[in-house]
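Next comes target08.tsv, a file with TSV, C-alpha atoms.
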chain	number	residue	atom	x	y	z
A	29	MET	CA	138.13	70.00	77.34
A	30	ILE	CA	138.80	67.95	80.44
A	31	ALA	CA	136.49	67.18	83.32
A	32	PHE	CA	137.97	66.53	86.74
A	33	ALA	CA	136.42	64.15	89.23
A	34	SER	CA	134.93	65.92	92.22
A	35	ARG	CA	136.99	64.05	94.80
A	36	ARG	CA	138.60	60.74	95.61
A	37	PRO	CA	140.06	59.51	98.90
A	38	ASP	CA	143.70	60.21	98.05
A	39	SER	CA	143.02	63.56	96.39
A	40	PRO	CA	141.31	66.17	98.56
A	41	PHE	CA	140.67	68.54	95.64
A	42	SER	CA	137.59	69.62	93.75
A	43	PHE	CA	137.75	70.98	90.23
A	44	THR	CA	135.35	72.44	87.70
A	45	ALA	CA	136.19	72.02	84.01
A	46	THR	CA	137.04	74.96	81.79
A	47	THR	CA	138.60	75.02	78.38
A	48	MET	CA	142.20	73.81	78.27
A	49	SER	CA	144.50	72.90	75.42
A	50	THR	CA	143.28	69.52	74.22
A	51	ASP	CA	146.75	68.75	72.83
A	52	TRP	CA	148.35	69.33	76.25
A	53	ILE	CA	145.72	67.33	78.13
A	54	SER	CA	145.82	64.49	75.59
A	55	PHE	CA	149.59	64.41	75.89
A	56	LEU	CA	149.42	64.23	79.70
A	57	ASN	CA	146.94	61.38	79.43
A	58	THR	CA	149.47	59.43	77.34
A	59	GLN	CA	152.00	60.05	80.11
A	60	GLY	CA	149.72	58.38	82.64
A	61	LEU	CA	148.20	61.39	84.42
A	62	ALA	CA	144.94	60.49	86.19
A	63	THR	CA	141.81	62.14	84.80
A	64	ASN	CA	141.48	64.27	87.93
A	65	GLY	CA	145.15	65.24	87.76
A	66	ALA	CA	145.90	63.86	91.22
A	67	ASP	CA	148.79	61.55	90.30
A	68	PHE	CA	150.53	59.49	87.63
A	69	GLY	CA	149.28	56.21	89.08
A	70	ALA	CA	151.71	55.88	91.98
A	71	ALA	CA	150.63	58.51	94.51
A	72	ALA	CA	152.63	57.14	97.46
A	73	ASP	CA	155.83	56.87	95.39
A	74	GLU	CA	155.34	60.39	94.06
A	75	LEU	CA	155.05	61.80	97.57
A	76	ARG	CA	158.22	60.01	98.65
A	77	ALA	CA	160.02	61.35	95.58
A	78	ALA	CA	159.01	64.92	96.43
A	79	ASP	CA	160.49	64.53	99.90
A	80	SER	CA	164.03	64.16	98.60
A	81	ARG	CA	164.22	64.35	94.80
A	82	SER	CA	163.39	66.75	92.00
A	83	VAL	CA	159.79	66.53	90.79
A	84	VAL	CA	157.71	68.02	87.98
A	85	ALA	CA	153.92	68.48	88.06
A	86	PRO	CA	151.30	69.58	85.50
A	87	LEU	CA	149.26	72.21	87.34
A	88	THR	CA	145.93	71.42	85.73
A	89	ASP	CA	144.00	72.71	88.75
A	90	PHE	CA	144.65	76.33	87.73
A	91	GLY	CA	143.14	78.50	85.03
A	92	VAL	CA	144.58	81.64	83.45
A	93	ILE	CA	142.98	85.02	82.76
A	94	ARG	CA	144.55	87.40	80.22
A	95	ALA	CA	144.27	91.17	80.69
A	96	SER	CA	145.14	93.13	77.56
A	97	GLY	CA	144.79	96.75	76.51
A	98	ALA	CA	146.33	100.12	77.35
A	99	ASP	CA	144.74	100.26	80.82
A	100	ALA	CA	145.35	96.62	81.82
A	101	ALA	CA	147.99	97.31	84.49
A	102	ASP	CA	146.18	100.28	86.02
A	103	PHE	CA	142.90	98.36	85.99
A	104	LEU	CA	144.34	95.42	87.93
A	105	HIS	CA	146.43	97.66	90.17
A	106	ASN	CA	143.22	99.32	91.40
A	107	LEU	CA	141.62	95.96	92.23
A	108	MET	CA	144.38	93.82	93.72
A	109	THR	CA	146.04	93.80	97.15
A	110	ASN	CA	149.51	94.06	95.59
A	111	ASP	CA	151.38	96.44	93.28
A	112	VAL	CA	150.49	95.40	89.73
A	113	ASN	CA	151.98	98.51	88.11
A	114	GLY	CA	155.37	97.34	89.37
A	115	ILE	CA	155.20	94.07	87.43
A	116	ASP	CA	157.59	93.99	84.48
A	117	ALA	CA	159.14	91.24	82.36
A	118	HIS	CA	161.43	90.25	85.24
A	119	VAL	CA	159.03	89.99	88.17
A	120	ALA	CA	155.75	88.30	89.07
A	121	ARG	CA	153.51	89.14	92.01
A	122	PHE	CA	151.18	87.19	94.29
A	123	ALA	CA	147.99	89.13	95.05
A	124	GLY	CA	144.45	88.84	96.33
A	125	PHE	CA	141.11	90.26	95.28
A	126	CYS	CA	138.82	91.21	98.18
A	127	THR	CA	135.23	92.09	98.83
A	128	PRO	CA	134.55	95.60	100.17
A	129	LYS	CA	134.67	93.99	103.63
A	130	GLY	CA	138.27	92.90	103.03
A	131	ARG	CA	137.44	89.20	102.60
A	132	LEU	CA	139.37	87.34	99.91
A	133	LEU	CA	137.44	86.15	96.87
A	134	ALA	CA	140.56	84.89	95.10
A	135	THR	CA	144.34	84.74	95.14
A	136	PHE	CA	146.36	85.16	91.95
A	137	LEU	CA	149.90	84.88	90.66
A	138	ILE	CA	150.33	87.66	88.10
A	139	TRP	CA	153.05	88.11	85.47
A	140	ARG	CA	153.63	89.83	82.14
A	141	GLU	CA	153.51	88.35	78.67
A	142	GLY	CA	154.57	91.18	76.40
A	143	ASP	CA	152.10	94.02	76.93
A	144	ASP	CA	149.53	91.70	78.51
A	145	LEU	CA	149.17	90.52	82.10
A	146	LEU	CA	148.38	86.91	82.95
A	147	LEU	CA	146.60	85.89	86.17
A	148	MET	CA	146.80	82.31	87.47
A	149	VAL	CA	143.83	81.41	89.67
A	150	SER	CA	142.34	78.24	91.13
A	151	ARG	CA	140.38	76.50	88.38
A	152	ASP	CA	137.25	76.03	90.47
A	153	ILE	CA	136.78	79.81	90.71
A	154	HIS	CA	138.36	80.76	87.37
A	155	ALA	CA	135.12	81.34	85.43
A	156	MET	CA	133.52	83.16	88.35
A	157	MET	CA	136.50	85.49	88.77
A	158	LEU	CA	136.72	86.22	85.05
A	159	LYS	CA	133.08	87.33	85.18
A	160	LYS	CA	133.57	89.23	88.45
A	161	LEU	CA	136.60	91.18	87.25
A	162	SER	CA	134.86	91.95	83.94
A	163	MET	CA	132.14	93.78	85.87
A	164	TYR	CA	134.73	96.43	86.83
A	165	VAL	CA	135.94	97.15	83.29
A	166	LEU	CA	133.34	99.85	82.45
A	167	ARG	CA	135.16	102.41	80.26
A	168	SER	CA	138.68	101.14	80.92
A	169	LYS	CA	140.70	100.17	77.88
A	170	VAL	CA	141.15	96.58	78.99
A	171	LYS	CA	139.92	93.22	77.73
A	172	LEU	CA	139.72	90.17	79.97
A	173	THR	CA	139.71	86.71	78.36
A	174	ASP	CA	140.13	83.07	79.32
A	175	ALA	CA	143.72	82.16	78.42
A	176	SER	CA	143.66	78.65	79.92
A	177	ALA	CA	143.90	76.99	76.50
A	178	GLU	CA	146.88	79.18	75.57
A	179	ILE	CA	149.07	78.54	78.62
A	180	ALA	CA	150.23	75.20	80.04
A	181	LEU	CA	151.31	75.45	83.67
A	182	ILE	CA	154.04	73.19	85.05
A	183	GLY	CA	155.53	73.14	88.53
A	184	PHE	CA	159.17	72.12	89.00
A	185	LYS	CA	160.82	71.46	92.36
A	186	ALA	CA	164.59	71.06	92.35
A	187	ALA	CA	166.30	68.88	94.93
A	188	THR	CA	169.29	70.39	96.70
A	189	GLY	CA	172.27	70.59	94.35
A	190	THR	CA	170.22	69.90	91.20
A	191	VAL	CA	171.27	71.63	87.99
A	192	LEU	CA	168.15	73.09	86.37
A	193	PRO	CA	167.43	71.43	83.01
A	194	ALA	CA	168.30	73.50	79.94
A	195	PRO	CA	166.94	74.88	77.65
A	196	THR	CA	163.72	75.09	79.68
A	197	PHE	CA	165.64	77.01	82.35
A	198	SER	CA	168.32	79.52	81.42
A	199	SER	CA	171.60	79.67	83.30
A	200	ALA	CA	170.31	82.76	85.13
A	201	ALA	CA	167.31	80.97	86.65
A	202	GLY	CA	169.21	79.64	89.65
A	203	ASN	CA	170.02	83.18	90.79
A	204	MET	CA	166.51	84.55	90.44
A	205	PRO	CA	164.86	86.01	93.56
A	206	VAL	CA	161.51	84.66	94.74
A	207	HIS	CA	158.84	85.82	92.27
A	208	GLY	CA	161.53	86.69	89.80
A	209	ALA	CA	160.56	85.95	86.20
A	210	ILE	CA	162.62	85.09	83.16
A	211	ASP	CA	161.85	84.18	79.57
A	212	SER	CA	161.83	80.45	78.98
A	213	ASP	CA	161.70	78.43	75.79
A	214	GLY	CA	158.08	79.06	74.76
A	215	GLY	CA	156.98	81.14	77.73
A	216	LYS	CA	158.04	82.21	81.19
A	217	ALA	CA	159.78	80.70	84.23
A	218	ILE	CA	158.84	82.18	87.63
A	219	ARG	CA	160.55	81.35	90.89
A	220	LEU	CA	158.00	80.44	93.57
A	221	ASP	CA	160.30	79.81	96.54
A	222	ALA	CA	163.78	78.54	97.36
A	223	SER	CA	163.39	75.30	95.41
A	224	ARG	CA	160.30	75.63	93.19
A	225	TRP	CA	159.49	77.24	89.86
A	226	LEU	CA	156.39	77.77	87.75
A	227	LEU	CA	156.72	77.27	84.01
A	228	ALA	CA	154.00	79.03	82.00
A	229	LEU	CA	154.47	77.78	78.44
A	230	ARG	CA	152.63	77.53	75.17
A	231	PRO	CA	151.09	74.05	75.03
A	232	ASP	CA	153.34	72.98	72.14
A	233	ALA	CA	156.41	74.22	74.06
A	234	ALA	CA	155.22	72.44	77.20
A	235	ILE	CA	154.94	69.15	75.31
A	236	GLN	CA	158.46	69.60	73.93
A	237	ALA	CA	159.82	70.57	77.37
A	238	TRP	CA	158.25	67.62	79.18
A	239	SER	CA	160.83	65.04	78.06
A	240	THR	CA	163.64	67.33	79.25
A	241	LEU	CA	161.94	67.90	82.57
A	242	VAL	CA	161.14	64.25	83.32
A	243	ALA	CA	164.74	63.31	82.50
A	244	ALA	CA	165.74	65.47	85.48
A	245	ALA	CA	162.72	64.97	87.77
A	246	THR	CA	159.99	62.50	88.76
A	247	PRO	CA	156.53	63.28	87.35
A	248	VAL	CA	154.01	63.90	90.14
A	249	GLY	CA	150.37	64.93	90.27
A	250	LEU	CA	148.42	67.65	92.02
A	251	SER	CA	148.25	65.87	95.37
A	252	THR	CA	152.03	65.98	95.70
A	253	TRP	CA	152.36	69.57	94.48
A	254	GLN	CA	149.70	70.70	96.94
A	255	TRP	CA	151.71	69.13	99.76
A	256	LEU	CA	154.75	71.13	98.61
A	257	ASP	CA	152.60	74.29	98.76
A	258	ILE	CA	151.65	73.40	102.33
A	259	ILE	CA	155.27	72.82	103.37
A	260	ALA	CA	156.16	76.21	101.88
A	261	GLY	CA	153.26	77.92	103.69
A	262	GLN	CA	151.78	79.27	100.46
A	263	PRO	CA	148.00	79.88	100.65
A	264	ARG	CA	145.36	79.57	97.98
A	265	VAL	CA	141.71	80.58	97.96
A	266	VAL	CA	139.31	78.03	96.44
A	267	ALA	CA	135.52	78.00	96.09
A	268	ALA	CA	135.00	76.54	99.57
A	269	THR	CA	137.05	79.30	101.24
A	270	GLN	CA	135.91	82.41	99.38
A	271	GLU	CA	135.11	85.27	101.79
A	272	ALA	CA	136.49	83.27	104.73
A	273	PHE	CA	139.74	85.20	105.26
A	274	VAL	CA	141.22	88.67	105.21
A	275	PRO	CA	144.73	88.65	103.68
A	276	GLN	CA	146.57	88.75	107.02
A	277	MET	CA	144.78	85.58	108.13
A	278	LEU	CA	146.67	83.83	105.31
A	279	ASN	CA	149.99	85.50	106.22
A	280	MET	CA	149.86	87.41	102.92
A	281	GLU	CA	151.61	90.47	104.31
A	282	HIS	CA	154.57	88.28	105.37
A	283	ALA	CA	157.62	88.66	103.10
A	284	ALA	CA	157.65	84.91	102.47
A	285	VAL	CA	154.18	85.13	100.91
A	286	ALA	CA	154.40	88.72	99.63
A	287	GLY	CA	150.79	89.20	98.63
A	288	VAL	CA	149.96	92.67	100.02
A	289	SER	CA	151.35	96.15	99.46
A	290	PHE	CA	150.54	98.83	102.04
A	291	THR	CA	151.81	101.68	99.84
A	292	LYS	CA	150.00	101.06	96.55
A	293	GLY	CA	146.76	102.92	97.29
A	294	CYS	CA	143.11	101.96	97.27
A	295	TYR	CA	141.46	98.71	96.18
A	296	PRO	CA	138.26	96.94	97.28
A	297	GLY	CA	138.56	96.16	100.99
A	298	GLN	CA	141.76	98.20	101.39
A	299	GLU	CA	140.46	100.13	104.41
A	300	ILE	CA	139.73	96.91	106.30
A	301	VAL	CA	143.08	95.36	105.37
A	302	ALA	CA	144.98	98.51	106.42
A	303	ARG	CA	143.04	98.81	109.67
A	304	THR	CA	143.80	95.17	110.47
A	305	GLN	CA	147.49	95.85	109.89
A	306	TYR	CA	147.91	99.08	111.82
A	307	LEU	CA	145.20	99.27	114.48
A	308	GLY	CA	145.35	95.91	116.19
A	309	LYS	CA	146.88	92.46	116.48
A	310	VAL	CA	145.80	89.87	113.94
A	311	LYS	CA	144.03	87.24	116.03
A	312	ARG	CA	143.90	84.53	113.36
A	313	ARG	CA	146.91	83.31	111.43
A	314	MET	CA	147.72	80.49	109.03
A	315	TYR	CA	149.62	77.51	110.43
A	316	ARG	CA	150.72	74.12	109.16
A	317	ALA	CA	149.23	71.08	110.85
A	318	ARG	CA	149.01	67.29	110.61
A	319	LEU	CA	145.57	65.68	110.23
A	320	PRO	CA	144.54	62.11	111.03
A	321	ALA	CA	142.30	61.88	107.95
A	322	ALA	CA	141.29	63.80	104.83
A	323	PHE	CA	139.14	66.87	105.41
A	324	ALA	CA	138.11	69.40	102.77
A	325	PRO	CA	139.21	73.06	102.65
A	326	GLY	CA	136.71	75.25	104.48
A	327	VAL	CA	136.02	72.76	107.29
A	328	HIS	CA	135.89	74.69	110.57
A	329	VAL	CA	138.13	74.08	113.55
A	330	PHE	CA	137.23	74.47	117.23
A	331	ALA	CA	138.97	74.98	120.55
A	332	PRO	CA	137.84	74.73	124.21
A	333	GLU	CA	138.10	78.50	124.73
A	334	THR	CA	135.65	79.18	121.88
A	335	ALA	CA	133.25	76.34	122.83
A	336	ASP	CA	130.71	75.78	120.05
A	337	GLN	CA	131.98	78.76	118.02
A	338	HIS	CA	134.58	77.87	115.40
A	339	CYS	CA	138.00	79.51	115.69
A	340	GLY	CA	139.16	79.08	112.10
A	341	ALA	CA	139.06	76.87	109.02
A	342	LEU	CA	141.19	74.65	106.81
A	343	VAL	CA	142.83	76.46	103.90
A	344	SER	CA	144.26	73.51	101.96
A	345	VAL	CA	144.83	69.79	102.56
A	346	ALA	CA	147.08	67.16	100.99
A	347	PRO	CA	148.34	63.63	101.65
A	348	VAL	CA	151.90	63.22	102.93
A	349	PRO	CA	154.63	60.59	102.54
A	350	GLY	CA	154.07	57.56	104.72
A	351	GLY	CA	150.34	58.17	105.08
A	352	GLY	CA	148.14	60.76	106.70
A	353	TYR	CA	147.51	64.35	105.71
A	354	GLU	CA	148.79	67.85	106.30
A	355	ALA	CA	146.99	71.15	106.01
A	356	LEU	CA	147.33	74.87	106.11
A	357	VAL	CA	144.80	76.06	108.65
A	358	CYS	CA	143.72	79.56	109.63
A	359	VAL	CA	143.10	79.56	113.38
A	360	GLN	CA	143.17	81.84	116.40
A	361	SER	CA	146.75	82.12	117.62
A	362	GLY	CA	145.65	81.74	121.24
A	363	ALA	CA	144.12	78.36	120.47
A	364	VAL	CA	147.38	77.23	118.85
A	365	ASP	CA	149.35	78.40	121.89
A	366	ALA	CA	146.98	76.42	124.11
A	367	GLY	CA	147.71	73.37	121.99
A	368	GLU	CA	144.20	72.03	121.56
A	369	VAL	CA	142.43	72.59	118.23
A	370	HIS	CA	139.91	70.12	116.81
A	371	LEU	CA	138.46	69.47	113.36
A	372	GLY	CA	134.77	69.76	112.63
A	373	SER	CA	133.64	70.08	116.26
A	374	ILE	CA	135.06	70.43	119.74
A	375	ASP	CA	135.00	66.63	119.92
A	376	GLY	CA	136.59	66.14	116.49
A	377	PRO	CA	140.12	64.94	115.68
A	378	ARG	CA	142.92	66.98	117.21
A	379	LEU	CA	145.40	68.90	115.05
A	380	GLU	CA	149.15	68.49	115.51
A	381	PHE	CA	150.89	71.74	114.59
A	382	LEU	CA	154.10	71.71	112.54
A	383	ASP	CA	156.75	74.23	111.58
A	384	LEU	CA	156.47	76.62	108.65
A	385	PRO	CA	159.57	77.94	106.84
A	386	TYR	CA	158.79	81.38	108.25
A	387	THR	CA	157.76	82.68	111.66
A	388	VAL	CA	154.10	83.48	112.31
A	389	VAL	CA	153.63	86.38	114.76
Show how you would write the structure in this file as structure tokens.
Amino acid sequence: MIAFASRRPDSPFSFTATTMSTDWISFLNTQGLATNGADFGAAADELRAADSRSVVAPLTDFGVIRASGADAADFLHNLMTNDVNGIDAHVARFAGFCTPKGRLLATFLIWREGDDLLLMVSRDIHAMMLKKLSMYVLRSKVKLTDASAEIALIGFKAATGTVLPAPTFSSAAGNMPVHGAIDSDGGKAIRLDASRWLLALRPDAAIQAWSTLVAAATPVGLSTWQWLDIIAGQPRVVAATQEAFVPQMLNMEHAAVAGVSFTKGCYPGQEIVARTQYLGKVKRRMYRARLPAAFAPGVHVFAPETADQHCGALVSVAPVPGGGYEALVCVQSGAVDAGEVHLGSIDGPRLEFLDLPYTVV
């Protein structure tokens, strides 16, 4: 069991403890990982390393839910925004779970482990989502359990030209498509984007793999990995942002995020999501922006044309190399075009918008 600090100035994250492998957490503590997972004691150096070198990060801010049983795939397929039935041993999928009004309660990365499906979700909503999903089981032949103690999650970002470290990565890993999955030594390797992978390993395998990984990459904490998520334009729903966004507000239908299928059939909120897609322009989108100071996810943003009514909210925030912060922010596109969006109030700090690796339309 590990308890994470609620927040500190250089780590704009909030975590709630759930059961994790004590061996894995104890091992990370011996490696110098801070008790809140934010860094290995040199946050500024870690950020600079991520800017140009390979890095490896223990993703202790996520929990894992296991879905097992004959109906597991169908059960999740009928609840998620993406095609779960299409997940096999060679592919993972990003997906959301919505309220009947189409508002996201959670985002997941989902992959197979044998006949089971594993769902990675933000740790601060892990217990709540396990309970919420369990309410839908009814007569389905599916069992949902907390698998956080069984799976150690590691992020690996490879610098340009880096050879992926064997045996943790097979020789085929470099040719995997985004969200492609391949068996790794003790678990699974999943490609997240052009340069990043998720390793989902048994805790004992993760401990063994760590020395191989750190020989090829600099260890970094959650603050640095969150910044890499922001650069990549990859959203995440946390407790503070539940029910704040429909999937399109987080660019989830974009191929670079790939979190929504419009051919899979019904799921909670599907009518709203489909109507948003086909019957009108999405007014709010997710952008990348620079902040002058740390603000928490969920903080509203304002623009002159909306006066005292907010026009969006922060999705995620992280420190950046050289000081300052960046964020993913959901905001009205018209306000971005006008170039004047402020944090917290119309008189608050002004956002500076930056490029994403994909085009927001």
Long-range neighbours of Pro377 in chain A as a count of residues only, 8 Å cut-off, only C-alpha atoms, 4 positions minimum in chain: 5
Residue nearest Lys311 in chain A among A:Ile374, A:Val389, A:Asp336, A:Val265 (counting all atoms listed in the file): A:Val389
Counting all atoms listed in the file, the residue of A:Pro205, A:Gly249, A:Gly130, A:Gly287 that sits nearest Asp73 in chain A: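 Closest to Asp73 in chain A, using all atoms listed in the file: A:Gly249.
We find CA of Ile179 in chain A and CA of Ala222 in chain A to be spaced 23.8 Å apart.
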Per residue of range 40-142 of chain A within 9 Å of range 155-165 of chain A, which atom pair is closest and at what distance in Å (one decimal), using only C-alpha atoms, listed by chain and increasing number, as CSV?
residue,atom,partner,partner_atom,distance
A:Thr46,CA,A:Ala155,CA,7.6
A:Gly91,CA,A:Ala155,CA,8.5
A:Ile93,CA,A:Leu158,CA,6.8
A:Phe103,CA,A:Val165,CA,7.6
A:Leu104,CA,A:Leu161,CA,8.9
A:Leu107,CA,A:Leu161,CA,8.5
A:Leu133,CA,A:Met157,CA,8.2
A:Ala134,CA,A:Met157,CA,7.5
Length of the CA of Pro349 in chain A to CA of Ile182 in chain A vector [Å]: 21.6 Å
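Taking all atoms listed in the file into account, Ile138 in chain A lies nearest to A:Arg94 out of the set A:Arg94, A:Ile153, A:Gly326, A:Ala260.
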Nearby residues (only C-alpha atoms) at most 7 Å from Gly297 in chain A, same-chain spacing under 6 positions excluded, as a ChimeraX atom specification: /A:126-130
Store the residues picked out above, limited to C-alpha atoms, as a PDB file, in the frame of the given file.
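Saved to selection.pdb:
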ATOM      1  CA  CYS A 126     138.820  91.210  98.180  1.00  0.00           C
ATOM      2  CA  THR A 127     135.230  92.090  98.830  1.00  0.00           C
ATOM      3  CA  PRO A 128     134.550  95.600 100.170  1.00  0.00           C
ATOM      4  CA  LYS A 129     134.670  93.990 103.630  1.00  0.00           C
ATOM      5  CA  GLY A 130     138.270  92.900 103.030  1.00  0.00           C
TER       6      GLY A 130
END
Residue among A:Ile300, A:Leu75, A:Val345, A:Ala120 lying closest to Met148 in chain A, counting only C-alpha atoms: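 Using only C-alpha atoms, Met148 in chain A sits closest to A:Ala120.
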Atomic separation - CA of Gly215 in chain A relative to CA of Ala228 in chain A, Å: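 Computed distance, CA of Ala228 in chain A to CA of Gly215 in chain A, equals 5.6 Å.
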Contact residues around Lys169 in chain A with only C-alpha atoms at 8 Å, ignoring same-chain residues under 5 positions, as a ChimeraX atom specification: /A:97-100
